[in-house]
>>> print(open('run_8.csv').read())   # CSV, C-alpha atoms and all ligand atoms
chain,number,residue,atom,x,y,z
K,4,MET,CA,173.4,57.4,32.0
K,5,GLY,CA,169.8,58.3,32.9
K,6,VAL,CA,167.0,59.9,30.9
K,7,PRO,CA,165.6,63.2,32.2
K,8,LEU,CA,161.8,63.6,32.6
K,9,PHE,CA,161.9,66.6,30.2
K,10,ASP,CA,164.5,68.6,28.4
K,11,THR,CA,163.6,72.3,27.9
K,12,SER,CA,167.1,73.6,27.1
K,13,THR,CA,168.3,71.4,24.2
K,14,PRO,CA,165.5,72.5,21.8
K,15,VAL,CA,166.3,76.2,22.3
K,16,ALA,CA,170.1,75.9,22.5
K,17,GLY,CA,170.6,77.2,18.9
K,18,LEU,CA,168.4,80.2,19.4
K,19,ARG,CA,170.6,82.2,21.9
K,20,ALA,CA,171.7,84.8,19.4
K,21,GLN,CA,168.1,85.5,18.4
K,22,PHE,CA,167.0,85.7,22.0
K,23,ASP,CA,169.7,88.2,22.7
K,24,ALA,CA,168.7,90.3,19.7
K,25,ALA,CA,165.0,90.2,20.8
K,26,ILE,CA,165.9,91.3,24.3
K,27,ALA,CA,168.1,94.2,23.0
K,28,ARG,CA,165.3,95.2,20.6
K,29,VAL,CA,162.8,95.5,23.5
K,30,LEU,CA,165.2,97.3,25.8
K,31,ASP,CA,166.1,99.8,23.1
K,32,SER,CA,162.5,100.4,22.3
K,33,GLY,CA,161.5,101.7,25.7
K,34,ARG,CA,158.1,99.9,25.3
K,35,TYR,CA,157.6,97.2,27.9
K,36,ILE,CA,153.9,96.7,28.3
K,37,LEU,CA,151.3,96.3,25.5
K,38,GLY,CA,153.5,97.4,22.7
K,39,PRO,CA,154.4,96.2,19.2
K,40,GLU,CA,155.9,92.8,20.3
K,41,VAL,CA,152.7,91.7,22.0
K,42,SER,CA,150.6,92.8,19.1
K,43,ALA,CA,152.8,91.0,16.6
K,44,PHE,CA,152.9,87.8,18.7
K,45,GLU,CA,149.1,88.0,19.2
K,46,SER,CA,148.6,88.0,15.4
K,47,GLU,CA,151.2,85.4,14.8
K,48,PHE,CA,149.9,83.0,17.5
K,49,ALA,CA,146.3,83.5,16.3
K,50,SER,CA,147.2,82.6,12.8
K,51,HIS,CA,149.2,79.6,14.0
K,52,CYS,CA,146.1,78.3,15.7
K,53,GLY,CA,143.7,79.3,12.9
K,54,ALA,CA,141.8,81.7,15.2
K,55,ARG,CA,140.9,85.3,14.4
K,56,HIS,CA,142.0,86.9,17.6
K,57,ALA,CA,144.5,86.4,20.4
K,58,VAL,CA,144.8,88.4,23.6
K,59,GLY,CA,148.1,88.1,25.6
K,60,VAL,CA,147.7,87.9,29.4
K,61,ALA,CA,149.9,87.3,32.4
K,62,ASN,CA,149.6,83.5,32.8
K,63,GLY,CA,147.4,80.5,31.8
K,64,THR,CA,145.4,80.7,35.0
K,65,ASP,CA,144.3,84.3,34.5
K,66,ALA,CA,143.6,83.4,30.8
K,67,ILE,CA,140.9,81.0,32.0
K,68,THR,CA,139.3,83.4,34.4
K,69,ILE,CA,139.4,86.2,31.8
K,70,ALA,CA,138.1,84.0,29.0
K,71,LEU,CA,135.2,82.7,31.1
K,72,ARG,CA,134.2,86.2,32.1
K,73,ALA,CA,134.5,87.4,28.5
K,74,MET,CA,132.2,84.5,27.5
K,75,GLY,CA,129.6,85.9,30.0
K,76,VAL,CA,130.2,83.5,32.9
K,77,GLY,CA,129.4,85.0,36.2
K,78,PRO,CA,127.7,84.5,39.6
K,79,GLY,CA,125.0,81.8,39.7
K,80,ASP,CA,126.5,80.0,36.7
K,81,GLU,CA,128.1,76.6,36.6
K,82,VAL,CA,131.2,75.6,34.7
K,83,ILE,CA,131.9,71.9,34.1
K,84,VAL,CA,135.6,71.0,34.5
K,85,PRO,CA,137.4,67.7,34.8
K,86,SER,CA,138.9,66.8,38.2
K,87,PHE,CA,141.9,65.0,36.6
K,88,THR,CA,143.8,68.1,35.5
K,89,PHE,CA,146.2,70.7,36.9
K,90,TYR,CA,144.6,72.4,39.9
K,91,ALA,CA,144.5,75.8,38.1
K,92,SER,CA,141.9,74.6,35.7
K,93,ALA,CA,139.3,74.5,38.5
K,94,GLU,CA,140.9,77.3,40.6
K,95,ALA,CA,140.3,79.8,37.8
K,96,ILE,CA,136.5,79.3,37.9
K,97,PRO,CA,135.4,80.7,41.4
K,98,PRO,CA,137.0,84.1,40.7
K,99,THR,CA,134.3,84.6,38.0
K,100,GLY,CA,131.6,84.1,40.6
K,101,ALA,CA,130.6,80.8,39.0
K,102,THR,CA,130.7,77.3,40.6
K,103,PRO,CA,133.0,74.5,39.3
K,104,VAL,CA,131.1,71.2,38.6
K,105,PHE,CA,133.5,68.3,38.4
K,106,CYS,CA,133.1,65.7,35.6
K,107,ASP,CA,134.9,62.5,34.9
K,108,VAL,CA,137.5,61.6,32.3
K,109,ASP,CA,138.2,58.5,30.2
K,110,PRO,CA,141.2,57.0,32.0
K,111,ARG,CA,142.6,55.8,28.6
K,112,THR,CA,142.7,59.3,27.1
K,113,PHE,CA,142.8,61.3,30.3
K,114,CYS,CA,140.2,63.7,28.7
K,115,VAL,CA,136.6,64.5,29.2
K,116,THR,CA,134.1,62.9,26.9
K,117,ALA,CA,130.6,64.0,25.7
K,118,GLU,CA,129.2,61.4,28.1
K,119,THR,CA,131.1,62.5,31.2
K,120,VAL,CA,130.1,66.1,30.4
K,121,ARG,CA,126.5,65.2,29.8
K,122,ALA,CA,126.4,63.6,33.3
K,123,ALA,CA,127.4,67.0,34.8
K,124,LEU,CA,125.0,69.2,32.8
K,125,SER,CA,122.3,71.3,34.6
K,126,PRO,CA,120.1,74.2,33.6
K,127,ARG,CA,122.8,76.5,35.2
K,128,THR,CA,125.6,75.1,33.1
K,129,LYS,CA,127.1,78.2,31.3
K,130,ALA,CA,130.3,76.6,29.8
K,131,VAL,CA,132.5,73.6,29.7
K,132,LEU,CA,136.2,73.9,30.4
K,133,ALA,CA,137.5,71.1,28.2
K,134,VAL,CA,141.1,70.4,29.2
K,135,HIS,CA,143.4,69.0,26.5
K,136,LEU,CA,145.3,67.1,29.1
K,137,PHE,CA,148.9,66.1,28.3
K,138,GLY,CA,148.4,67.4,24.8
K,139,ASN,CA,145.6,65.0,24.0
K,140,LEU,CA,142.5,66.8,22.6
K,141,ALA,CA,139.2,66.7,24.3
K,142,PRO,CA,136.3,66.1,21.8
K,143,VAL,CA,135.2,69.8,21.6
K,144,ALA,CA,132.7,69.4,18.7
K,145,GLU,CA,130.9,66.5,20.5
K,146,ILE,CA,130.6,68.5,23.6
K,147,GLU,CA,129.3,71.6,21.8
K,148,ALA,CA,126.7,69.3,20.2
K,149,LEU,CA,125.2,69.0,23.7
K,150,GLY,CA,124.3,72.7,23.3
K,151,VAL,CA,126.9,74.2,25.7
K,152,PRO,CA,129.8,76.6,24.8
K,153,VAL,CA,133.3,75.2,25.3
K,154,LEU,CA,136.4,77.0,26.5
K,155,GLU,CA,139.4,74.9,25.7
K,156,ASP,CA,142.1,74.7,28.4
K,157,ALA,CA,144.9,74.2,25.9
K,158,ALA,CA,147.8,75.0,28.4
K,159,GLN,CA,149.3,71.6,27.6
K,160,ALA,CA,148.3,71.4,23.9
K,161,ALA,CA,150.3,73.9,21.9
K,162,GLY,CA,151.4,72.1,18.7
K,163,SER,CA,148.8,69.4,18.9
K,164,LEU,CA,146.7,68.7,15.8
K,165,GLY,CA,143.0,68.1,15.8
K,166,PRO,CA,140.4,66.6,13.4
K,167,ASP,CA,140.9,67.8,9.8
K,168,GLY,CA,144.2,69.4,10.7
K,169,ARG,CA,142.5,72.0,12.9
K,170,ARG,CA,144.3,73.1,15.9
K,171,PRO,CA,143.5,73.7,19.6
K,172,GLY,CA,142.8,77.4,20.0
K,173,ALA,CA,140.2,77.3,17.3
K,174,LEU,CA,138.0,74.3,18.2
K,175,GLY,CA,135.6,75.9,20.7
K,176,SER,CA,134.2,79.4,21.6
K,177,ALA,CA,137.5,80.4,23.0
K,178,ALA,CA,140.8,78.8,24.2
K,179,THR,CA,143.5,79.5,26.7
K,180,PHE,CA,147.2,78.7,26.7
K,181,SER,CA,150.0,79.0,29.2
K,182,PHE,CA,153.6,79.8,28.4
K,183,PHE,CA,155.0,78.6,31.7
K,184,PRO,CA,158.6,77.5,31.2
K,185,SER,CA,157.8,73.8,31.0
K,186,LYS,CA,154.9,74.0,28.4
K,187,ASN,CA,155.3,73.1,24.8
K,188,LEU,CA,155.7,76.7,23.8
K,189,ALA,CA,157.3,78.5,26.7
K,190,CYS,CA,158.5,81.9,27.8
K,191,PHE,CA,161.2,82.8,30.3
K,192,GLY,CA,158.8,83.5,33.2
K,193,ASP,CA,155.0,83.6,33.2
K,194,GLY,CA,152.7,84.2,30.3
K,195,GLY,CA,149.4,83.2,28.7
K,196,ILE,CA,147.0,84.0,25.9
K,197,VAL,CA,143.3,83.8,25.0
K,198,THR,CA,142.3,82.9,21.5
K,199,THR,CA,138.9,83.1,19.9
K,200,ASP,CA,137.1,83.7,16.6
K,201,ASP,CA,134.5,85.8,18.4
K,202,GLU,CA,135.1,89.6,18.2
K,203,ARG,CA,133.1,90.3,21.3
K,204,ILE,CA,135.0,87.7,23.4
K,205,ALA,CA,138.3,89.1,22.2
K,206,GLU,CA,137.3,92.7,23.0
K,207,ALA,CA,136.0,91.8,26.5
K,208,ALA,CA,139.2,89.9,27.2
K,209,ARG,CA,141.3,92.9,26.0
K,210,THR,CA,139.2,95.1,28.4
K,211,LEU,CA,139.5,92.8,31.3
K,212,ARG,CA,143.2,92.4,31.1
K,213,PHE,CA,143.6,96.2,31.5
K,214,HIS,CA,141.5,96.9,34.6
K,215,GLY,CA,138.2,96.7,32.8
K,216,SER,CA,139.0,99.6,30.5
K,217,HIS,CA,139.3,99.8,26.7
K,218,ASP,CA,140.4,103.4,26.6
K,219,LYS,CA,142.5,103.6,29.8
K,220,VAL,CA,140.3,106.6,30.9
K,221,THR,CA,136.9,105.1,31.7
K,222,TYR,CA,136.5,101.9,33.6
K,223,GLU,CA,133.6,99.7,32.7
K,224,LEU,CA,134.2,96.6,34.7
K,225,LEU,CA,136.2,95.3,37.6
K,226,GLY,CA,139.1,93.8,35.7
K,227,TYR,CA,142.6,92.7,36.2
K,228,ASN,CA,146.2,93.8,35.7
K,229,SER,CA,147.0,90.8,33.6
K,230,ARG,CA,149.2,91.3,30.6
K,231,LEU,CA,151.8,89.4,28.6
K,232,ASP,CA,154.8,91.7,28.6
K,233,GLU,CA,156.9,92.9,25.6
K,234,LEU,CA,160.1,90.9,26.6
K,235,GLN,CA,158.2,87.6,26.9
K,236,ALA,CA,156.3,88.3,23.7
K,237,ALA,CA,159.6,89.0,21.8
K,238,LEU,CA,161.1,85.8,23.1
K,239,LEU,CA,158.0,83.8,22.2
K,240,ARG,CA,158.1,85.2,18.6
K,241,VAL,CA,161.6,83.7,18.3
K,242,GLN,CA,160.3,80.3,19.2
K,243,LEU,CA,156.8,80.1,17.6
K,244,PRO,CA,158.3,79.2,14.1
K,245,HIS,CA,159.9,76.1,15.7
K,246,LEU,CA,156.8,74.9,17.5
K,247,ASP,CA,155.6,72.5,14.7
K,248,ALA,CA,159.1,70.9,14.4
K,249,TRP,CA,159.2,70.5,18.2
K,250,SER,CA,155.7,68.9,18.2
K,251,ASP,CA,156.8,66.5,15.4
K,252,GLY,CA,159.7,65.6,17.8
K,253,ARG,CA,157.3,64.8,20.6
K,254,ARG,CA,155.2,62.6,18.3
K,255,ALA,CA,158.4,60.9,17.1
K,256,ALA,CA,159.4,60.2,20.7
K,257,ALA,CA,156.0,58.6,21.3
K,258,ARG,CA,156.6,56.4,18.2
K,259,HIS,CA,160.0,55.4,19.6
K,260,TYR,CA,158.3,54.2,22.8
K,261,GLU,CA,155.7,52.2,20.8
K,262,GLN,CA,158.4,50.6,18.5
K,263,ALA,CA,160.5,49.7,21.6
K,264,GLY,CA,157.6,47.6,22.9
K,265,LEU,CA,156.5,49.8,25.8
K,266,GLY,CA,152.8,48.9,25.0
K,267,GLU,CA,153.5,45.3,26.0
K,268,LEU,CA,154.5,46.4,29.5
K,269,VAL,CA,152.2,49.3,30.4
K,270,GLU,CA,149.0,51.0,29.1
K,271,LEU,CA,150.0,53.7,26.6
K,272,PRO,CA,148.1,57.0,26.4
K,273,LEU,CA,145.3,56.7,23.8
K,274,ALA,CA,145.0,59.6,21.4
K,275,THR,CA,141.4,60.8,21.1
K,276,ASP,CA,139.6,60.2,17.7
K,277,GLY,CA,141.2,62.3,15.0
K,278,SER,CA,143.8,63.9,17.1
K,279,ARG,CA,147.6,63.9,16.8
K,280,PRO,CA,148.8,65.0,20.2
K,281,ALA,CA,152.1,66.9,20.7
K,282,TRP,CA,152.5,65.0,23.9
K,283,HIS,CA,153.3,67.6,26.6
K,284,LEU,CA,153.7,64.8,29.1
K,285,TYR,CA,153.9,61.1,28.1
K,286,VAL,CA,151.7,59.4,30.7
K,287,VAL,CA,151.4,55.7,31.0
K,288,SER,CA,149.3,53.6,33.3
K,289,HIS,CA,150.0,50.4,35.3
K,290,PRO,CA,148.1,48.7,38.1
K,291,GLN,CA,151.4,48.4,40.2
K,292,VAL,CA,152.5,51.9,39.4
K,293,GLU,CA,154.6,52.3,42.6
K,294,ARG,CA,156.8,49.4,41.5
K,295,LEU,CA,157.3,50.9,38.1
K,296,GLU,CA,158.1,54.3,39.6
K,297,ALA,CA,160.7,52.8,41.9
K,298,ALA,CA,162.4,50.8,39.2
K,299,LEU,CA,162.5,53.8,36.8
K,300,ALA,CA,163.9,56.1,39.5
K,301,ALA,CA,166.5,53.5,40.4
K,302,ALA,CA,167.6,53.3,36.8
K,303,GLY,CA,168.0,57.1,36.6
K,304,VAL,CA,164.8,57.5,34.5
K,305,GLY,CA,162.9,60.6,35.3
K,306,CYS,CA,159.2,59.9,36.1
K,307,LYS,CA,156.5,61.7,38.1
K,308,ALA,CA,152.9,61.2,39.1
K,309,TYR,CA,151.4,64.6,38.5
K,310,TYR,CA,147.9,64.3,39.7
K,311,ARG,CA,147.8,61.4,42.3
K,312,THR,CA,145.2,63.4,44.3
K,313,PRO,CA,142.6,64.7,41.9
K,314,VAL,CA,141.4,68.3,42.1
K,315,HIS,CA,138.0,67.6,43.6
K,316,ARG,CA,139.7,66.0,46.6
K,317,GLN,CA,142.0,69.0,47.3
K,318,ALA,CA,140.9,70.9,50.4
K,319,PRO,CA,139.6,74.2,48.9
K,320,MET,CA,137.5,72.3,46.3
K,321,ARG,CA,135.8,69.9,48.6
K,322,ARG,CA,132.8,72.2,49.1
K,323,TRP,CA,132.0,71.7,45.4
K,324,ALA,CA,132.7,68.0,45.4
K,325,GLU,CA,130.0,66.7,47.8
K,326,GLY,CA,128.5,63.5,46.5
K,327,VAL,CA,130.7,63.6,43.4
K,328,GLU,CA,131.9,60.2,42.2
K,329,LEU,CA,134.4,60.0,39.4
K,330,PRO,CA,135.6,56.4,38.9
K,331,GLY,CA,137.6,57.2,35.7
K,332,THR,CA,139.3,60.0,37.5
K,333,GLU,CA,140.1,57.8,40.5
K,334,GLN,CA,141.5,55.1,38.3
K,335,ALA,CA,143.7,57.6,36.3
K,336,ALA,CA,144.9,59.3,39.5
K,337,ARG,CA,145.9,55.9,41.0
K,338,ALA,CA,147.6,54.3,38.0
K,339,HIS,CA,149.3,57.1,35.9
K,340,LEU,CA,152.9,57.9,35.6
K,341,ALA,CA,154.7,60.5,33.4
K,342,ILE,CA,157.8,59.2,31.8
K,343,PRO,CA,160.5,61.1,29.8
K,344,MET,CA,159.2,63.2,26.9
K,345,SER,CA,160.7,66.1,25.0
K,346,PRO,CA,161.1,67.2,21.4
K,347,VAL,CA,164.6,65.7,21.3
K,348,LEU,CA,164.0,62.3,23.1
K,349,THR,CA,166.0,59.8,21.0
K,350,ARG,CA,165.2,56.2,20.0
K,351,GLU,CA,168.1,55.1,22.3
K,352,GLN,CA,166.7,57.0,25.2
K,353,ALA,CA,163.3,55.5,24.6
K,354,GLU,CA,164.8,52.0,24.5
K,355,GLN,CA,166.6,52.7,27.8
K,356,VAL,CA,163.3,53.7,29.4
K,357,VAL,CA,161.6,50.6,28.1
K,358,SER,CA,164.4,48.3,29.4
K,359,ALA,CA,164.1,49.8,32.9
K,360,ALA,CA,160.3,49.4,32.7
K,361,ARG,CA,160.6,45.8,31.6
K,362,ALA,CA,162.8,45.0,34.6
K,363,ALA,CA,160.1,46.4,36.9
K,364,VAL,CA,157.1,44.9,35.3
K,365,VAL,CA,158.4,41.4,34.4
K,366,ALA,CA,160.4,40.9,37.6
K,401,LIG,C1,149.9,75.1,33.3
K,401,LIG,C2,148.4,74.9,33.3
K,401,LIG,C3,147.5,75.9,33.6
K,401,LIG,C4,147.9,77.2,34.3
K,401,LIG,O1,148.9,78.0,33.6
K,401,LIG,P1,149.8,79.0,34.4
K,401,LIG,O2,150.5,79.8,33.3
K,401,LIG,O3,150.8,78.2,35.2
K,401,LIG,O4,148.9,79.9,35.2
K,401,LIG,C5,146.2,75.7,33.5
K,401,LIG,N1,145.7,74.5,33.0
K,401,LIG,C6,146.5,73.5,32.7
K,401,LIG,C7,145.9,72.2,32.2
K,401,LIG,C8,147.9,73.6,32.9
K,401,LIG,O5,148.7,72.6,32.6
>>> encode(input="run_8.csv", output="structure tokens")
Amino acid sequence: MGVPLFDTSTPVAGLRAQFDAAIARVLDSGRYILGPEVSAFESEFASHCGARHAVGVANGTDAITIALRAMGVGPGDEVIVPSFTFYASAEAIPPTGATPVFCDVDPRTFCVTAETVRAALSPRTKAVLAVHLFGNLAPVAEIEALGVPVLEDAAQAAGSLGPDGRRPGALGSAATFSFFPSKNLACFGDGGIVTTDDERIAEAARTLRFHGSHDKVTYELLGYNSRLDELQAALLRVQLPHLDAWSDGRRAAARHYEQAGLGELVELPLATDGSRPAWHLYVVSHPQVERLEAALAAAGVGCKAYYRTPVHRQAPMRRWAEGVELPGTEQAARAHLAIPMSPVLTREQAEQVVSAARAAVVA
């Protein structure tokens, strides 16, 4: 029997009756857009993160564009973003009018560092999009100490824990999350949210998600039609109380790998200082990664190289990547491989993955 790359259905299997009740509640209410479920989820999610405000939007990509604009980013500005991330992190920047400036990552943590950000700073830098990749947490405080505001891209980091028990969503000026079905907290379709302590950023995001209007009569800005809908919010409210337990399950799965000796065979992902990641993906590195990939696949173990071609080398981004050299990114892109991870990955499954890896690496 193999081990799947992820398991999104087992964790929610016991919640079906609550999902059905939530759907019925929304259908019976006749309110489908920006009603009581979205408001309730926004306050529940904000308090989960320890942030004062949350603004539900249509997806995690819109969340980034909207949050950047709400932070005042616009034409002529630069936004620093890692190249080793999901494409959308960078793609969300040009619609604000600003230019993405690619920075490097530490290939052991897969995250940006204060040093890699410093190397990309210029007088036009308006913000840093610090991606908490794979659930690991970028060092937001160290980056802000450089004097530049941070937007956290926390799409992969719901449930992770930061320094002093603080959570992503409340570490920088603002943060964005995605509720795409594969994320740590997921809806049944597309969804996203912006969190912030800053009243003005929250108000601007609320205005931008509704066509640039706060009263639906006067239009102050060119905005978006980008809302989280009532059905998705109701389904997210059923799941939010379970997020911490699911995150503990992800951390337990990582311990199973460590205890089964995976670290003797491949490079394990290194949690950044003070963070306890709710690993969204568990990504290891190996110099002969193709051999590892082939052996795991042959043993029925799910695995995937998510970002073999980093974002700055994707065609639409090349115009912003001239002369850019990112050795940590190239190394991570070449050597990384995601192996099975979920809140319910068992010790036995981890041992099975490790035996398959041992056969590949030792052979
Ligand atoms: C998923 C993801 C996004 C985009 O979220 P969508 O909801 O798919 O638009 C942005 N950044 C990162 C790092 C992601 O993993």
>>> residues_near_ligand(input="run_8.csv", ligand="ligand LIG 401 (chain K)", cutoff="10 Å", atoms="all atoms listed in the file", output="PyMOL selection string")
chain K and resi 60-67+85+87-95+132-138+155-160+179-186+189-190+192-196+283-284
>>> residues_around(input="run_8.csv", residues="Val153 in chain K", least_positions_apart="2", cutoff="12 Å", atoms="all atoms listed in the file", output="MDAnalysis selection string")
chainID K and resid 67 70:71 74 76 82:84 115 117 120 128:135 141:151 155:157 171:179 199
>>> residues_around(input="run_8.csv", residues="Leu271 in chain K", least_positions_apart="5", cutoff="12 Å", atoms="only C-alpha atoms", output="list in words")
Pro110, Arg111, Thr112, Phe113, Ala257, Arg258, Tyr260, Glu261, Gly264, Leu265, Gly266, Trp282, Leu284, Tyr285, Val286, Val287, Ser288, His289, Ala338, His339, Leu340, Ala341 and Ile342 of chain K
>>> write_last_selection(input="run_8.csv", atoms="C-alpha atoms", output="PDB file, keeping the file's coordinate frame")
ATOM      1  CA  PRO K 110     141.200  57.000  32.000  1.00  0.00           C
ATOM      2  CA  ARG K 111     142.600  55.800  28.600  1.00  0.00           C
ATOM      3  CA  THR K 112     142.700  59.300  27.100  1.00  0.00           C
ATOM      4  CA  PHE K 113     142.800  61.300  30.300  1.00  0.00           C
ATOM      5  CA  ALA K 257     156.000  58.600  21.300  1.00  0.00           C
ATOM      6  CA  ARG K 258     156.600  56.400  18.200  1.00  0.00           C
ATOM      7  CA  TYR K 260     158.300  54.200  22.800  1.00  0.00           C
ATOM      8  CA  GLU K 261     155.700  52.200  20.800  1.00  0.00           C
ATOM      9  CA  GLY K 264     157.600  47.600  22.900  1.00  0.00           C
ATOM     10  CA  LEU K 265     156.500  49.800  25.800  1.00  0.00           C
ATOM     11  CA  GLY K 266     152.800  48.900  25.000  1.00  0.00           C
ATOM     12  CA  TRP K 282     152.500  65.000  23.900  1.00  0.00           C
ATOM     13  CA  LEU K 284     153.700  64.800  29.100  1.00  0.00           C
ATOM     14  CA  TYR K 285     153.900  61.100  28.100  1.00  0.00           C
ATOM     15  CA  VAL K 286     151.700  59.400  30.700  1.00  0.00           C
ATOM     16  CA  VAL K 287     151.400  55.700  31.000  1.00  0.00           C
ATOM     17  CA  SER K 288     149.300  53.600  33.300  1.00  0.00           C
ATOM     18  CA  HIS K 289     150.000  50.400  35.300  1.00  0.00           C
ATOM     19  CA  ALA K 338     147.600  54.300  38.000  1.00  0.00           C
ATOM     20  CA  HIS K 339     149.300  57.100  35.900  1.00  0.00           C
ATOM     21  CA  LEU K 340     152.900  57.900  35.600  1.00  0.00           C
ATOM     22  CA  ALA K 341     154.700  60.500  33.400  1.00  0.00           C
ATOM     23  CA  ILE K 342     157.800  59.200  31.800  1.00  0.00           C
TER      24      ILE K 342
END
>>> atom_distance(input="run_8.csv", atom1="CA of Ser345 in chain K", atom2="CA of Gly305 in chain K")
11.9 Å
>>> residues_near_point(input="run_8.csv", point="(134.5, 59.7, 41.9)", cutoff="10 Å", atoms="all atoms listed in the file", output="ChimeraX atom specification")
/K:86,105-107,313,315-316,324,326-334
>>> write_last_selection(input="run_8.csv", atoms="C-alpha atoms", output="compact mmCIF listing (two decimals), in the frame of the given file")
# COMPACT_ATOMS: atom_id res chain seq x y z
CA SER K 86 138.90 66.80 38.20
CA PHE K 105 133.50 68.30 38.40
CA CYS K 106 133.10 65.70 35.60
CA ASP K 107 134.90 62.50 34.90
CA PRO K 313 142.60 64.70 41.90
CA HIS K 315 138.00 67.60 43.60
CA ARG K 316 139.70 66.00 46.60
CA ALA K 324 132.70 68.00 45.40
CA GLY K 326 128.50 63.50 46.50
CA VAL K 327 130.70 63.60 43.40
CA GLU K 328 131.90 60.20 42.20
CA LEU K 329 134.40 60.00 39.40
CA PRO K 330 135.60 56.40 38.90
CA GLY K 331 137.60 57.20 35.70
CA THR K 332 139.30 60.00 37.50
CA GLU K 333 140.10 57.80 40.50
CA GLN K 334 141.50 55.10 38.30
>>> atom_distance(input="run_8.csv", atom1="CA of Gly53 in chain K", atom2="CA of Ser229 in chain K")
23.9 Å
>>> closest_residue(input="run_8.csv", among="K:Ile204, K:Leu224, K:Ala248, K:Ala363", to="Val15 in chain K", atoms="all atoms listed in the file")
K:Ala248
>>> closest_residue(input="run_8.csv", among="K:Cys114, K:Pro272, K:Ala256, K:His245", to="Ala353 in chain K", atoms="all atoms listed in the file")
K:Ala256
>>> closest_residue(input="run_8.csv", among="K:Thr210, K:Gly79, K:Gly162, K:Pro290", to="Pro126 in chain K", atoms="all atoms listed in the file")
K:Gly79
>>> closest_residue(input="run_8.csv", among="K:Ala236, K:Val292, K:Val220, K:Leu243", to="Ala161 in chain K", atoms="all atoms listed in the file")
K:Leu243
>>> residues_around(input="run_8.csv", residues="Pro343 in chain K", least_positions_apart="5", cutoff="8 Å", atoms="only C-alpha atoms", output="list in words")
Val6, Pro7, Leu8, Phe9, Leu284, Tyr285, Val304, Gly305, Cys306, Leu348 and Val356 of chain K
